[in-house]
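Undergrad: This is coords_26.cif (mmCIF, C-alpha atoms and all ligand atoms).
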data_run
#
loop_
_atom_site.group_PDB
_atom_site.id
_atom_site.type_symbol
_atom_site.label_atom_id
_atom_site.label_comp_id
_atom_site.auth_asym_id
_atom_site.auth_seq_id
_atom_site.Cartn_x
_atom_site.Cartn_y
_atom_site.Cartn_z
ATOM 1 C CA MET A 1 -71.756 45.787 -27.225
ATOM 2 C CA ALA A 2 -68.759 47.351 -28.956
ATOM 3 C CA ASP A 3 -66.879 50.386 -27.655
ATOM 4 C CA ARG A 4 -68.103 50.097 -24.095
ATOM 5 C CA THR A 5 -66.227 51.712 -21.210
ATOM 6 C CA ILE A 6 -66.474 49.751 -17.978
ATOM 7 C CA VAL A 7 -65.049 50.449 -14.527
ATOM 8 C CA VAL A 8 -63.749 47.433 -12.588
ATOM 9 C CA THR A 9 -62.677 47.943 -8.981
ATOM 10 C CA GLY A 10 -60.235 45.414 -7.553
ATOM 11 C CA SER A 11 -59.028 44.859 -11.128
ATOM 12 C CA ALA A 12 -55.468 43.891 -10.158
ATOM 13 C CA SER A 13 -56.219 40.458 -8.702
ATOM 14 C CA GLY A 14 -58.575 37.529 -8.376
ATOM 15 C CA ILE A 15 -62.178 37.909 -9.549
ATOM 16 C CA GLY A 16 -61.644 41.536 -10.647
ATOM 17 C CA ALA A 17 -58.605 40.627 -12.764
ATOM 18 C CA ALA A 18 -60.406 37.666 -14.352
ATOM 19 C CA THR A 19 -63.389 39.926 -15.119
ATOM 20 C CA ARG A 20 -61.132 42.551 -16.626
ATOM 21 C CA ALA A 21 -59.500 39.929 -18.873
ATOM 22 C CA ARG A 22 -62.867 38.654 -20.141
ATOM 23 C CA LEU A 23 -64.281 42.142 -20.784
ATOM 24 C CA GLU A 24 -61.143 43.265 -22.628
ATOM 25 C CA ALA A 25 -61.122 40.063 -24.707
ATOM 26 C CA GLY A 26 -64.680 40.987 -25.734
ATOM 27 C CA GLY A 27 -63.574 44.442 -26.907
ATOM 28 C CA ASP A 28 -64.480 46.585 -23.894
ATOM 29 C CA THR A 29 -62.266 49.353 -22.543
ATOM 30 C CA VAL A 30 -61.702 48.803 -18.834
ATOM 31 C CA ILE A 31 -60.840 51.505 -16.323
ATOM 32 C CA GLY A 32 -59.252 49.544 -13.494
ATOM 33 C CA VAL A 33 -59.388 50.856 -9.923
ATOM 34 C CA ASP A 34 -57.016 49.332 -7.368
ATOM 35 C CA LEU A 35 -54.118 49.878 -4.990
ATOM 36 C CA ARG A 36 -51.709 48.794 -7.748
ATOM 37 C CA ASP A 37 -51.562 47.827 -11.449
ATOM 38 C CA ALA A 38 -54.601 49.891 -12.421
ATOM 39 C CA GLU A 39 -55.485 53.002 -14.407
ATOM 40 C CA ILE A 40 -56.760 54.617 -11.214
ATOM 41 C CA LEU A 41 -54.538 53.990 -8.219
ATOM 42 C CA CYS A 42 -56.303 54.593 -4.937
ATOM 43 C CA ASP A 43 -56.860 53.417 -1.393
ATOM 44 C CA LEU A 44 -60.559 52.687 -0.933
ATOM 45 C CA SER A 45 -60.128 52.258 2.829
ATOM 46 C CA THR A 46 -60.219 56.036 3.414
ATOM 47 C CA GLU A 47 -62.913 58.595 2.632
ATOM 48 C CA ALA A 48 -60.320 60.817 0.930
ATOM 49 C CA GLY A 49 -59.132 57.878 -1.200
ATOM 50 C CA ARG A 50 -62.691 56.995 -2.199
ATOM 51 C CA GLN A 51 -63.623 60.543 -3.165
ATOM 52 C CA GLN A 52 -60.407 60.937 -5.176
ATOM 53 C CA ALA A 53 -61.091 57.626 -6.952
ATOM 54 C CA LEU A 54 -64.641 58.713 -7.786
ATOM 55 C CA ALA A 55 -63.376 62.035 -9.168
ATOM 56 C CA ASP A 56 -60.673 60.243 -11.178
ATOM 57 C CA VAL A 57 -63.219 57.784 -12.642
ATOM 58 C CA ARG A 58 -65.516 60.639 -13.635
ATOM 59 C CA GLU A 59 -62.663 62.405 -15.365
ATOM 60 C CA ALA A 60 -61.392 59.233 -17.072
ATOM 61 C CA CYS A 61 -64.811 58.284 -18.469
ATOM 62 C CA GLY A 62 -65.713 61.816 -19.592
ATOM 63 C CA GLY A 63 -69.200 61.711 -18.076
ATOM 64 C CA THR A 64 -70.440 58.476 -19.677
ATOM 65 C CA LEU A 65 -70.057 54.896 -18.483
ATOM 66 C CA ASP A 66 -71.478 51.677 -19.920
ATOM 67 C CA GLY A 67 -70.761 49.441 -16.967
ATOM 68 C CA LEU A 68 -69.340 48.971 -13.493
ATOM 69 C CA VAL A 69 -68.099 45.922 -11.596
ATOM 70 C CA THR A 70 -67.286 46.381 -7.898
ATOM 71 C CA SER A 71 -64.847 43.661 -6.875
ATOM 72 C CA ALA A 72 -62.344 45.395 -4.554
ATOM 73 C CA GLY A 73 -62.489 43.711 -1.183
ATOM 74 C CA LEU A 74 -60.773 42.233 1.843
ATOM 75 C CA GLY A 75 -61.621 39.186 3.932
ATOM 76 C CA PRO A 76 -60.900 37.586 7.309
ATOM 77 C CA PRO A 77 -58.529 37.717 9.152
ATOM 78 C CA ILE A 78 -58.145 41.411 8.190
ATOM 79 C CA ASP A 79 -59.169 43.986 10.832
ATOM 80 C CA SER A 80 -62.958 44.425 10.929
ATOM 81 C CA SER A 81 -62.904 48.222 10.519
ATOM 82 C CA LEU A 82 -60.761 47.948 7.406
ATOM 83 C CA ILE A 83 -63.157 45.349 5.977
ATOM 84 C CA LEU A 84 -66.117 47.693 6.489
ATOM 85 C CA GLU A 85 -64.225 50.584 4.883
ATOM 86 C CA VAL A 86 -63.211 48.709 1.726
ATOM 87 C CA ASN A 87 -66.027 46.176 1.255
ATOM 88 C CA TRP A 88 -68.930 48.472 2.111
ATOM 89 C CA PHE A 89 -67.907 52.114 1.853
ATOM 90 C CA GLY A 90 -65.500 51.355 -1.022
ATOM 91 C CA THR A 91 -68.381 49.710 -2.902
ATOM 92 C CA GLU A 92 -71.236 52.045 -1.956
ATOM 93 C CA VAL A 93 -69.321 55.094 -3.202
ATOM 94 C CA PHE A 94 -69.327 53.672 -6.754
ATOM 95 C CA LEU A 95 -72.783 52.042 -6.643
ATOM 96 C CA THR A 96 -74.403 55.377 -5.835
ATOM 97 C CA GLY A 97 -71.767 57.870 -7.063
ATOM 98 C CA LEU A 98 -71.678 56.805 -10.721
ATOM 99 C CA ARG A 99 -75.423 56.603 -11.381
ATOM 100 C CA ASP A 100 -75.507 59.719 -13.571
ATOM 101 C CA GLU A 101 -72.586 58.517 -15.719
ATOM 102 C CA LEU A 102 -74.245 55.090 -16.151
ATOM 103 C CA ALA A 103 -77.592 56.674 -17.008
ATOM 104 C CA ALA A 104 -75.807 58.636 -19.746
ATOM 105 C CA SER A 105 -74.789 55.428 -21.577
ATOM 106 C CA ASP A 106 -76.116 55.057 -25.141
ATOM 107 C CA GLY A 107 -77.009 51.440 -24.415
ATOM 108 C CA VAL A 108 -78.397 49.580 -21.425
ATOM 109 C CA ALA A 109 -75.728 50.080 -18.753
ATOM 110 C CA LYS A 110 -74.784 47.093 -16.605
ATOM 111 C CA VAL A 111 -73.589 47.010 -13.007
ATOM 112 C CA VAL A 112 -72.503 43.888 -11.142
ATOM 113 C CA ALA A 113 -71.569 44.125 -7.461
ATOM 114 C CA VAL A 114 -69.524 41.312 -5.957
ATOM 115 C CA SER A 115 -71.320 40.266 -2.781
ATOM 116 C CA SER A 116 -70.769 36.818 -1.195
ATOM 117 C CA ASN A 117 -72.576 33.700 -0.078
ATOM 118 C CA SER A 118 -71.556 34.650 3.468
ATOM 119 C CA THR A 119 -74.756 36.745 3.283
ATOM 120 C CA THR A 120 -76.802 33.598 3.816
ATOM 121 C CA SER A 121 -74.333 31.001 5.077
ATOM 122 C CA SER A 122 -72.819 33.041 7.892
ATOM 123 C CA PRO A 123 -75.302 32.956 10.797
ATOM 124 C CA ASN A 124 -75.948 35.698 13.338
ATOM 125 C CA THR A 125 -74.978 38.737 11.299
ATOM 126 C CA PRO A 126 -76.642 41.515 13.335
ATOM 127 C CA ASP A 127 -79.374 43.406 11.494
ATOM 128 C CA GLU A 128 -78.265 46.524 13.405
ATOM 129 C CA LEU A 129 -74.864 46.246 11.739
ATOM 130 C CA VAL A 130 -76.335 46.037 8.254
ATOM 131 C CA ASP A 131 -78.782 48.867 9.017
ATOM 132 C CA ALA A 132 -75.954 51.087 10.279
ATOM 133 C CA LEU A 133 -73.960 50.457 7.103
ATOM 134 C CA LEU A 134 -76.924 51.191 4.865
ATOM 135 C CA ALA A 135 -77.388 54.437 6.851
ATOM 136 C CA LEU A 136 -73.684 55.200 6.119
ATOM 137 C CA ASP A 137 -73.086 55.293 9.880
ATOM 138 C CA GLY A 138 -69.619 53.764 10.128
ATOM 139 C CA ASP A 139 -69.093 54.787 13.759
ATOM 140 C CA THR A 140 -72.152 52.825 14.930
ATOM 141 C CA ALA A 141 -71.190 49.840 12.765
ATOM 142 C CA LYS A 142 -67.669 49.753 14.222
ATOM 143 C CA ALA A 143 -68.977 50.203 17.783
ATOM 144 C CA LEU A 144 -71.322 47.216 17.299
ATOM 145 C CA LEU A 145 -68.369 45.050 16.248
ATOM 146 C CA GLU A 146 -66.026 46.111 19.036
ATOM 147 C CA PRO A 147 -67.302 43.644 21.703
ATOM 148 C CA MET A 148 -67.363 40.763 19.190
ATOM 149 C CA ALA A 149 -63.628 40.058 19.717
ATOM 150 C CA GLU A 150 -62.394 37.309 17.371
ATOM 151 C CA PHE A 151 -65.791 37.087 15.618
ATOM 152 C CA ALA A 152 -65.647 40.745 14.524
ATOM 153 C CA THR A 153 -63.763 40.158 11.267
ATOM 154 C CA GLN A 154 -66.194 37.496 9.970
ATOM 155 C CA LEU A 155 -69.235 39.540 11.056
ATOM 156 C CA ALA A 156 -67.771 42.616 9.356
ATOM 157 C CA TYR A 157 -67.304 40.579 6.182
ATOM 158 C CA ALA A 158 -70.811 39.082 6.158
ATOM 159 C CA GLY A 159 -72.349 42.400 7.257
ATOM 160 C CA SER A 160 -70.593 44.374 4.533
ATOM 161 C CA LYS A 161 -71.618 41.872 1.853
ATOM 162 C CA THR A 162 -75.218 41.798 3.124
ATOM 163 C CA ALA A 163 -75.371 45.586 2.966
ATOM 164 C CA VAL A 164 -74.087 45.461 -0.633
ATOM 165 C CA ALA A 165 -76.767 42.904 -1.566
ATOM 166 C CA ARG A 166 -79.533 44.924 0.102
ATOM 167 C CA LEU A 167 -78.419 48.118 -1.617
ATOM 168 C CA VAL A 168 -78.563 46.281 -4.935
ATOM 169 C CA ARG A 169 -82.064 44.934 -4.188
ATOM 170 C CA ARG A 170 -83.318 48.347 -3.040
ATOM 171 C CA GLN A 171 -81.852 50.447 -5.851
ATOM 172 C CA ALA A 172 -82.174 48.100 -8.819
ATOM 173 C CA PRO A 173 -85.950 48.274 -9.443
ATOM 174 C CA THR A 174 -86.348 52.047 -8.981
ATOM 175 C CA PRO A 175 -87.009 54.629 -11.704
ATOM 176 C CA GLU A 176 -83.510 56.002 -11.120
ATOM 177 C CA TRP A 177 -81.963 52.615 -11.997
ATOM 178 C CA ALA A 178 -84.077 50.099 -13.953
ATOM 179 C CA GLY A 179 -86.197 52.993 -15.183
ATOM 180 C CA SER A 180 -83.134 54.910 -16.343
ATOM 181 C CA GLY A 181 -81.554 52.192 -18.458
ATOM 182 C CA ILE A 182 -79.245 50.728 -15.780
ATOM 183 C CA ARG A 183 -79.307 47.049 -14.805
ATOM 184 C CA LEU A 184 -77.981 46.524 -11.274
ATOM 185 C CA ASN A 185 -77.337 42.974 -10.048
ATOM 186 C CA ALA A 186 -74.894 41.094 -7.839
ATOM 187 C CA VAL A 187 -73.009 37.834 -7.722
ATOM 188 C CA ALA A 188 -72.634 35.959 -4.440
ATOM 189 C CA PRO A 189 -69.584 33.723 -4.848
ATOM 190 C CA GLY A 190 -68.620 30.971 -2.476
ATOM 191 C CA ALA A 191 -65.016 30.151 -1.601
ATOM 192 C CA THR A 192 -62.976 31.008 -4.697
ATOM 193 C CA MET A 193 -59.239 30.414 -4.947
ATOM 194 C CA THR A 194 -57.688 33.901 -4.901
ATOM 195 C CA PRO A 195 -55.107 35.688 -2.709
ATOM 196 C CA LEU A 196 -58.006 36.777 -0.454
ATOM 197 C CA LEU A 197 -59.054 33.171 0.167
ATOM 198 C CA GLN A 198 -55.437 32.032 0.504
ATOM 199 C CA ALA A 199 -54.890 34.582 3.287
ATOM 200 C CA GLY A 200 -57.868 33.059 5.125
ATOM 201 C CA LEU A 201 -56.625 29.512 4.550
ATOM 202 C CA ASP A 202 -53.201 30.471 5.913
ATOM 203 C CA ASP A 203 -54.705 31.827 9.139
ATOM 204 C CA GLU A 204 -54.706 29.409 12.067
ATOM 205 C CA THR A 205 -58.221 30.404 13.193
ATOM 206 C CA PHE A 206 -59.962 30.778 9.835
ATOM 207 C CA GLY A 207 -58.018 28.187 7.841
ATOM 208 C CA PRO A 208 -59.656 25.119 9.400
ATOM 209 C CA ALA A 209 -63.111 26.751 9.289
ATOM 210 C CA ILE A 210 -62.779 27.507 5.557
ATOM 211 C CA LYS A 211 -61.490 23.998 4.806
ATOM 212 C CA ASN A 212 -64.391 22.433 6.729
ATOM 213 C CA PHE A 213 -67.040 24.680 5.201
ATOM 214 C CA PRO A 214 -69.623 22.500 3.427
ATOM 215 C CA VAL A 215 -69.484 22.795 -0.386
ATOM 216 C CA PRO A 216 -71.785 20.193 -2.017
ATOM 217 C CA THR A 217 -69.827 20.139 -5.286
ATOM 218 C CA GLY A 218 -66.547 19.925 -3.385
ATOM 219 C CA GLY A 219 -63.501 22.114 -3.894
ATOM 220 C CA PHE A 220 -63.144 25.850 -4.431
ATOM 221 C CA GLY A 221 -64.266 27.949 -7.375
ATOM 222 C CA THR A 222 -61.827 29.688 -9.719
ATOM 223 C CA PRO A 223 -61.836 33.457 -10.384
ATOM 224 C CA ASP A 224 -62.674 32.766 -14.043
ATOM 225 C CA GLN A 225 -65.759 30.716 -13.068
ATOM 226 C CA ILE A 226 -67.098 33.799 -11.274
ATOM 227 C CA ALA A 227 -65.955 36.182 -14.019
ATOM 228 C CA ALA A 228 -67.841 34.123 -16.625
ATOM 229 C CA TRP A 229 -71.127 34.906 -14.860
ATOM 230 C CA ILE A 230 -70.202 38.554 -14.423
ATOM 231 C CA GLU A 231 -69.389 38.763 -18.139
ATOM 232 C CA MET A 232 -72.805 37.367 -19.000
ATOM 233 C CA MET A 233 -74.531 39.732 -16.547
ATOM 234 C CA MET A 234 -72.694 42.626 -18.258
ATOM 235 C CA SER A 235 -73.884 41.534 -21.712
ATOM 236 C CA ASP A 236 -76.982 42.345 -23.801
ATOM 237 C CA ASP A 237 -78.362 38.957 -22.728
ATOM 238 C CA ALA A 238 -78.899 40.447 -19.260
ATOM 239 C CA ASP A 239 -81.117 43.353 -20.383
ATOM 240 C CA PHE A 240 -84.130 41.817 -18.586
ATOM 241 C CA MET A 241 -82.221 41.184 -15.339
ATOM 242 C CA ALA A 242 -82.438 43.651 -12.441
ATOM 243 C CA GLY A 243 -81.975 43.224 -8.700
ATOM 244 C CA SER A 244 -80.881 39.582 -8.882
ATOM 245 C CA ILE A 245 -78.318 38.086 -6.530
ATOM 246 C CA VAL A 246 -76.710 35.143 -8.340
ATOM 247 C CA PHE A 247 -75.138 32.547 -6.057
ATOM 248 C CA ILE A 248 -72.140 30.756 -7.598
ATOM 249 C CA ASP A 249 -71.003 28.700 -4.647
ATOM 250 C CA GLY A 250 -71.023 24.976 -5.342
ATOM 251 C CA GLY A 251 -74.456 24.610 -3.739
ATOM 252 C CA THR A 252 -73.741 25.930 -0.228
ATOM 253 C CA ASP A 253 -76.540 28.505 -0.203
ATOM 254 C CA ALA A 254 -79.066 25.940 -1.431
ATOM 255 C CA MET A 255 -77.879 23.481 1.192
ATOM 256 C CA VAL A 256 -78.099 25.812 4.200
ATOM 257 C CA ARG A 257 -81.494 27.304 3.349
ATOM 258 C CA ALA A 258 -83.191 24.996 0.871
ATOM 259 C CA ASP A 259 -86.727 25.714 2.089
ATOM 260 C CA ASP A 260 -86.268 29.418 2.804
ATOM 261 C CA TRP A 261 -86.737 30.243 -0.828
ATOM 262 C CA PRO A 262 -89.045 31.705 -2.006
ATOM 263 C CA ARG A 263 -90.959 32.324 1.231
ATOM 264 C CA THR A 264 -88.322 34.562 2.777
ATOM 265 C CA TYR A 265 -85.709 35.572 0.288
ATOM 266 C CA GLN A 266 -83.336 37.086 2.783
ATOM 267 C CA MET A 267 -79.792 38.239 2.184
HETATM 268 N N1 LIG A 301 -62.303 34.658 -2.968
HETATM 269 C C1 LIG A 301 -63.434 34.316 -2.363
HETATM 270 O O1 LIG A 301 -63.567 33.208 -1.811
HETATM 271 C C2 LIG A 301 -64.599 35.262 -2.382
HETATM 272 C C3 LIG A 301 -65.880 34.774 -2.062
HETATM 273 C C4 LIG A 301 -66.969 35.643 -2.062
HETATM 274 C C5 LIG A 301 -66.764 36.969 -2.392
HETATM 275 N N2 LIG A 301 -65.522 37.417 -2.694
HETATM 276 C C6 LIG A 301 -65.354 38.836 -3.007
HETATM 277 O O2 LIG A 301 -64.794 38.958 -4.293
HETATM 278 C C7 LIG A 301 -64.141 40.229 -4.389
HETATM 279 C C8 LIG A 301 -62.786 40.020 -5.021
HETATM 280 O O3 LIG A 301 -61.986 39.275 -4.113
HETATM 281 P P1 LIG A 301 -60.887 38.239 -4.588
HETATM 282 O O4 LIG A 301 -61.185 36.974 -3.901
HETATM 283 O O5 LIG A 301 -60.762 38.297 -6.057
HETATM 284 O O6 LIG A 301 -59.618 38.844 -3.831
HETATM 285 P P2 LIG A 301 -58.237 39.437 -4.343
HETATM 286 O O7 LIG A 301 -57.472 39.717 -3.111
HETATM 287 O O8 LIG A 301 -57.638 38.561 -5.371
HETATM 288 O O9 LIG A 301 -58.661 40.809 -5.052
HETATM 289 C C9 LIG A 301 -59.135 41.908 -4.321
HETATM 290 C C10 LIG A 301 -58.624 43.187 -4.964
HETATM 291 O O10 LIG A 301 -59.113 44.285 -4.163
HETATM 292 C C11 LIG A 301 -58.059 45.218 -4.042
HETATM 293 N N3 LIG A 301 -58.163 46.023 -2.834
HETATM 294 C C12 LIG A 301 -58.091 45.574 -1.553
HETATM 295 N N4 LIG A 301 -58.076 46.613 -0.702
HETATM 296 C C13 LIG A 301 -58.136 47.739 -1.456
HETATM 297 C C14 LIG A 301 -58.127 49.123 -1.153
HETATM 298 N N5 LIG A 301 -58.006 49.579 0.104
HETATM 299 N N6 LIG A 301 -58.205 50.007 -2.173
HETATM 300 C C15 LIG A 301 -58.283 49.564 -3.464
HETATM 301 N N7 LIG A 301 -58.284 48.275 -3.809
HETATM 302 C C16 LIG A 301 -58.199 47.370 -2.812
HETATM 303 C C17 LIG A 301 -56.787 44.361 -3.986
HETATM 304 O O11 LIG A 301 -55.610 45.125 -4.265
HETATM 305 C C18 LIG A 301 -57.087 43.276 -4.989
HETATM 306 O O12 LIG A 301 -56.630 43.595 -6.279
HETATM 307 C C19 LIG A 301 -64.079 40.782 -2.968
HETATM 308 O O13 LIG A 301 -65.075 41.777 -2.822
HETATM 309 C C20 LIG A 301 -64.388 39.584 -2.111
HETATM 310 O O14 LIG A 301 -64.975 39.938 -0.879
HETATM 311 C C21 LIG A 301 -64.434 36.594 -2.710
#
Can the structure in the file be given as structure tokens, please?
TA:
Amino acid sequence: MADRTIVVTGSASGIGAATRARLEAGGDTVIGVDLRDAEILCDLSTEAGRQQALADVREACGGTLDGLVTSAGLGPPIDSSLILEVNWFGTEVFLTGLRDELAASDGVAKVVAVSSNSTTSSPNTPDELVDALLALDGDTAKALLEPMAEFATQLAYAGSKTAVARLVRRQAPTPEWAGSGIRLNAVAPGATMTPLLQAGLDDETFGPAIKNFPVPTGGFGTPDQIAAWIEMMMSDDADFMAGSIVFIDGGTDAMVRADDWPRTYQM
């Protein structure tokens, strides 16, 4: 596990920063990608910013990567189009664009995408929205959200995180991923106390909804509680793990769909 080089997007804050701290404490070299306080400064909300970031990562890693964590993201009440750009397109570009570099690792490369338990606990996310995102059709996705008015931001969030989870499930078991020495998995956190969650709590529409959201254990998670799982999923102990979506959410997912699993394991 020594001398690994790992890319962490969203490394400047919250779950990404906590992950960075754990990986560096374990001896890894982290290439942070963020708007600020990172090795690679970029704006993942634009296509030009994403392509520049991808090129910069490729140059910084010299063609070989041992791991990737995609944590950059935005949440409600941010504009729905911006959420799609950062959470979906800003994740997809790394999850597909760095495959060759990950396959070139000497060891078993590890990738953890940060999805969300909104994938299963947020009802009525349109399949058409998720399908449009997976087809990289941003115009259709944005047009579907336009008539949703005040619900658009939450649907964009859940839709973007569902698309991330489906991409993980689809890619992970293929010869190009599991068969090429890359383990691709995701975490699905519940409400975790970070600046992203605080912005939601401070909003007069979303604040009460977040506070009233049922969490069987009570309370919010901490960034380090999520990072601890990511660290494990990036370790040698996770060599046999591929395509898993790990919910770390105080029991919300189990509560809202206890009997769904394993009959219909839907994201
Ligand atoms: N906090 C929660 O309750 C929660 C729950 C489930 C999932 N998540 C997910 O966890 C991930 C991390 O979120 P967090 O809660 O740690 O939030 P955070 O705000 O602390 O961190 C998000 C990071 O993403 C970066 N970022 C945002 N827009 C960017 C852009 N355009 N270009 C580059 N970087 C950008 C920010 O600068 C920040 O450093 C997100 O994908 C979020 O959706 C969070």
Undergrad: Counting all atoms listed in the file, which residues in chain A sit no more than 6 Å from ligand LIG 301 (chain A)? For each one, give the nearest pair of atoms and the distance in Å, sorted by chain then residue number, as CSV.
TA:
residue,atom,partner,partner_atom,distance
A:Gly10,CA,A:LIG301,O10,3.7
A:Ser11,CA,A:LIG301,O12,5.6
A:Ala12,CA,A:LIG301,O12,4.1
A:Ser13,CA,A:LIG301,O12,4.0
A:Gly14,CA,A:LIG301,O5,3.3
A:Ile15,CA,A:LIG301,O5,3.8
A:Gly16,CA,A:LIG301,O5,5.7
A:Asp34,CA,A:LIG301,N7,3.9
A:Leu35,CA,A:LIG301,C15,4.4
A:Cys42,CA,A:LIG301,C15,5.6
A:Asp43,CA,A:LIG301,N6,3.7
A:Leu44,CA,A:LIG301,N6,3.8
A:Ser45,CA,A:LIG301,N5,4.4
A:Ser71,CA,A:LIG301,C7,4.3
A:Ala72,CA,A:LIG301,O10,3.4
A:Gly73,CA,A:LIG301,O13,3.6
A:Leu74,CA,A:LIG301,C12,5.5
A:Gly75,CA,A:LIG301,O14,5.9
A:Val86,CA,A:LIG301,N5,5.5
A:Val114,CA,A:LIG301,O13,5.5
A:Ser115,CA,A:LIG301,C5,5.6
A:Ser116,CA,A:LIG301,C4,4.1
A:Pro189,CA,A:LIG301,C4,4.3
A:Gly190,CA,A:LIG301,C3,4.7
A:Ala191,CA,A:LIG301,O1,3.4
A:Thr192,CA,A:LIG301,O1,3.7
A:Met193,CA,A:LIG301,N1,5.6
A:Thr194,CA,A:LIG301,O8,4.7
A:Pro195,CA,A:LIG301,O8,4.7
A:Leu196,CA,A:LIG301,O7,4.0
A:Leu197,CA,A:LIG301,N1,4.8
Undergrad: Going by the chain IDs and residue numbers used in this file, which residues fall under the PyMOL selection byres (((chain A and resi 64-69) around 8) and not hetatm)? Write them as a list in words.
TA: Arg4, Thr5, Ile6, Val7, Val8, Thr9, Gly16, Cys61, Gly62, Gly63, Thr70, Ser71, Glu101, Leu102, Ala103, Ala104, Ser105, Asp106, Gly107, Val108, Ala109, Lys110, Val111, Val112, Ala113, Val114 and Met234 of chain A
Undergrad: In Å, rounded to a single decimal, give me how far CA of Thr119 in chain A is from CA of Ile245 in chain A.
TA: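 Result for CA of Ile245 in chain A versus CA of Thr119 in chain A: 10.5 Å, one decimal.
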Undergrad: Extract, using only C-alpha atoms, all DNA, RNA and protein residues at most 12 Å from Thr46 in chain A, discarding same-chain residues fewer than 2 positions from it, and format them as a list in words.
TA: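 Result of the neighbour search: Cys42, Asp43, Leu44, Ala48, Gly49, Arg50, Gln51, Gln52, Ala53, Ser81, Leu82, Ile83, Leu84, Glu85, Val86, Asn87, Trp88, Phe89, Gly90, Val93 and Gly138 of chain A.
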Undergrad: Those residues you just picked out, can you put them in a file as a tab-separated table (two decimals), in the frame of the given file with C-alpha atoms?
TA:
chain	number	residue	atom	x	y	z
A	42	CYS	CA	-56.30	54.59	-4.94
A	43	ASP	CA	-56.86	53.42	-1.39
A	44	LEU	CA	-60.56	52.69	-0.93
A	48	ALA	CA	-60.32	60.82	0.93
A	49	GLY	CA	-59.13	57.88	-1.20
A	50	ARG	CA	-62.69	57.00	-2.20
A	51	GLN	CA	-63.62	60.54	-3.16
A	52	GLN	CA	-60.41	60.94	-5.18
A	53	ALA	CA	-61.09	57.63	-6.95
A	81	SER	CA	-62.90	48.22	10.52
A	82	LEU	CA	-60.76	47.95	7.41
A	83	ILE	CA	-63.16	45.35	5.98
A	84	LEU	CA	-66.12	47.69	6.49
A	85	GLU	CA	-64.22	50.58	4.88
A	86	VAL	CA	-63.21	48.71	1.73
A	87	ASN	CA	-66.03	46.18	1.25
A	88	TRP	CA	-68.93	48.47	2.11
A	89	PHE	CA	-67.91	52.11	1.85
A	90	GLY	CA	-65.50	51.36	-1.02
A	93	VAL	CA	-69.32	55.09	-3.20
A	138	GLY	CA	-69.62	53.76	10.13
Undergrad: Kindly extract all protein, DNA and RNA residues lying within 9 Å of the coordinates (-81.0, 51.3, -12.5) given in the file, considering all atoms listed in the file, and supply them as an NGL selection string.
TA: :A and (99 or 102-103 or 109-111 or 171-184 or 242-243)
Undergrad: Got a sec to resolve the PyMOL selection byres (((chain A and resi 80) around 10) and not hetatm) on this structure and send the residues as a list in words?
TA: Leu74, Gly75, Pro76, Pro77, Ile78, Asp79, Ser81, Leu82, Ile83, Leu84, Glu85, Lys142, Leu145, Glu146, Ala149, Glu150, Phe151, Ala152, Thr153, Gln154, Leu155, Ala156, Tyr157 and Ser160 of chain A
Undergrad: Just give me the gap between CA of Ala55 in chain A and CA of Ala38 in chain A in Å, one decimal is fine.
TA: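 Interatomic distance, CA of Ala55 in chain A to CA of Ala38 in chain A: 15.3 Å.
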Undergrad: Which one is closest to Gly219 in chain A: A:Asp203, A:Asp236, A:Asp249, A:Glu59? Count all atoms listed in the file.
TA: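 Of the candidates, the smallest distance to Gly219 in chain A is held by A:Asp249.
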Undergrad: Complete range 212-221 of chain A with N, CA and C atoms (output as a tab-separated table (two decimals), in the coordinates of the input).
TA:
chain	number	residue	atom	x	y	z
A	212	ASN	N	-63.28	23.30	6.31
A	212	ASN	CA	-64.39	22.43	6.73
A	212	ASN	C	-65.76	22.94	6.27
A	213	PHE	N	-65.76	24.10	5.61
A	213	PHE	CA	-67.04	24.68	5.20
A	213	PHE	C	-67.71	23.76	4.17
A	214	PRO	N	-69.00	23.46	4.35
A	214	PRO	CA	-69.62	22.50	3.43
A	214	PRO	C	-69.87	23.07	2.02
A	215	VAL	N	-69.28	22.43	1.03
A	215	VAL	CA	-69.48	22.80	-0.39
A	215	VAL	C	-69.95	21.53	-1.11
A	216	PRO	N	-71.26	21.43	-1.43
A	216	PRO	CA	-71.78	20.19	-2.02
A	216	PRO	C	-71.04	19.69	-3.25
A	217	THR	N	-70.57	20.59	-4.10
A	217	THR	CA	-69.83	20.14	-5.29
A	217	THR	C	-68.41	19.73	-4.94
A	218	GLY	N	-67.93	20.15	-3.76
A	218	GLY	CA	-66.55	19.92	-3.38
A	218	GLY	C	-65.65	20.98	-3.99
A	219	GLY	N	-64.52	21.23	-3.35
A	219	GLY	CA	-63.50	22.11	-3.89
A	219	GLY	C	-63.83	23.59	-3.80
A	220	PHE	N	-62.96	24.40	-4.37
A	220	PHE	CA	-63.14	25.85	-4.43
A	220	PHE	C	-63.43	26.26	-5.87
A	221	GLY	N	-64.07	27.40	-6.04
A	221	GLY	CA	-64.27	27.95	-7.38
A	221	GLY	C	-62.99	28.62	-7.86
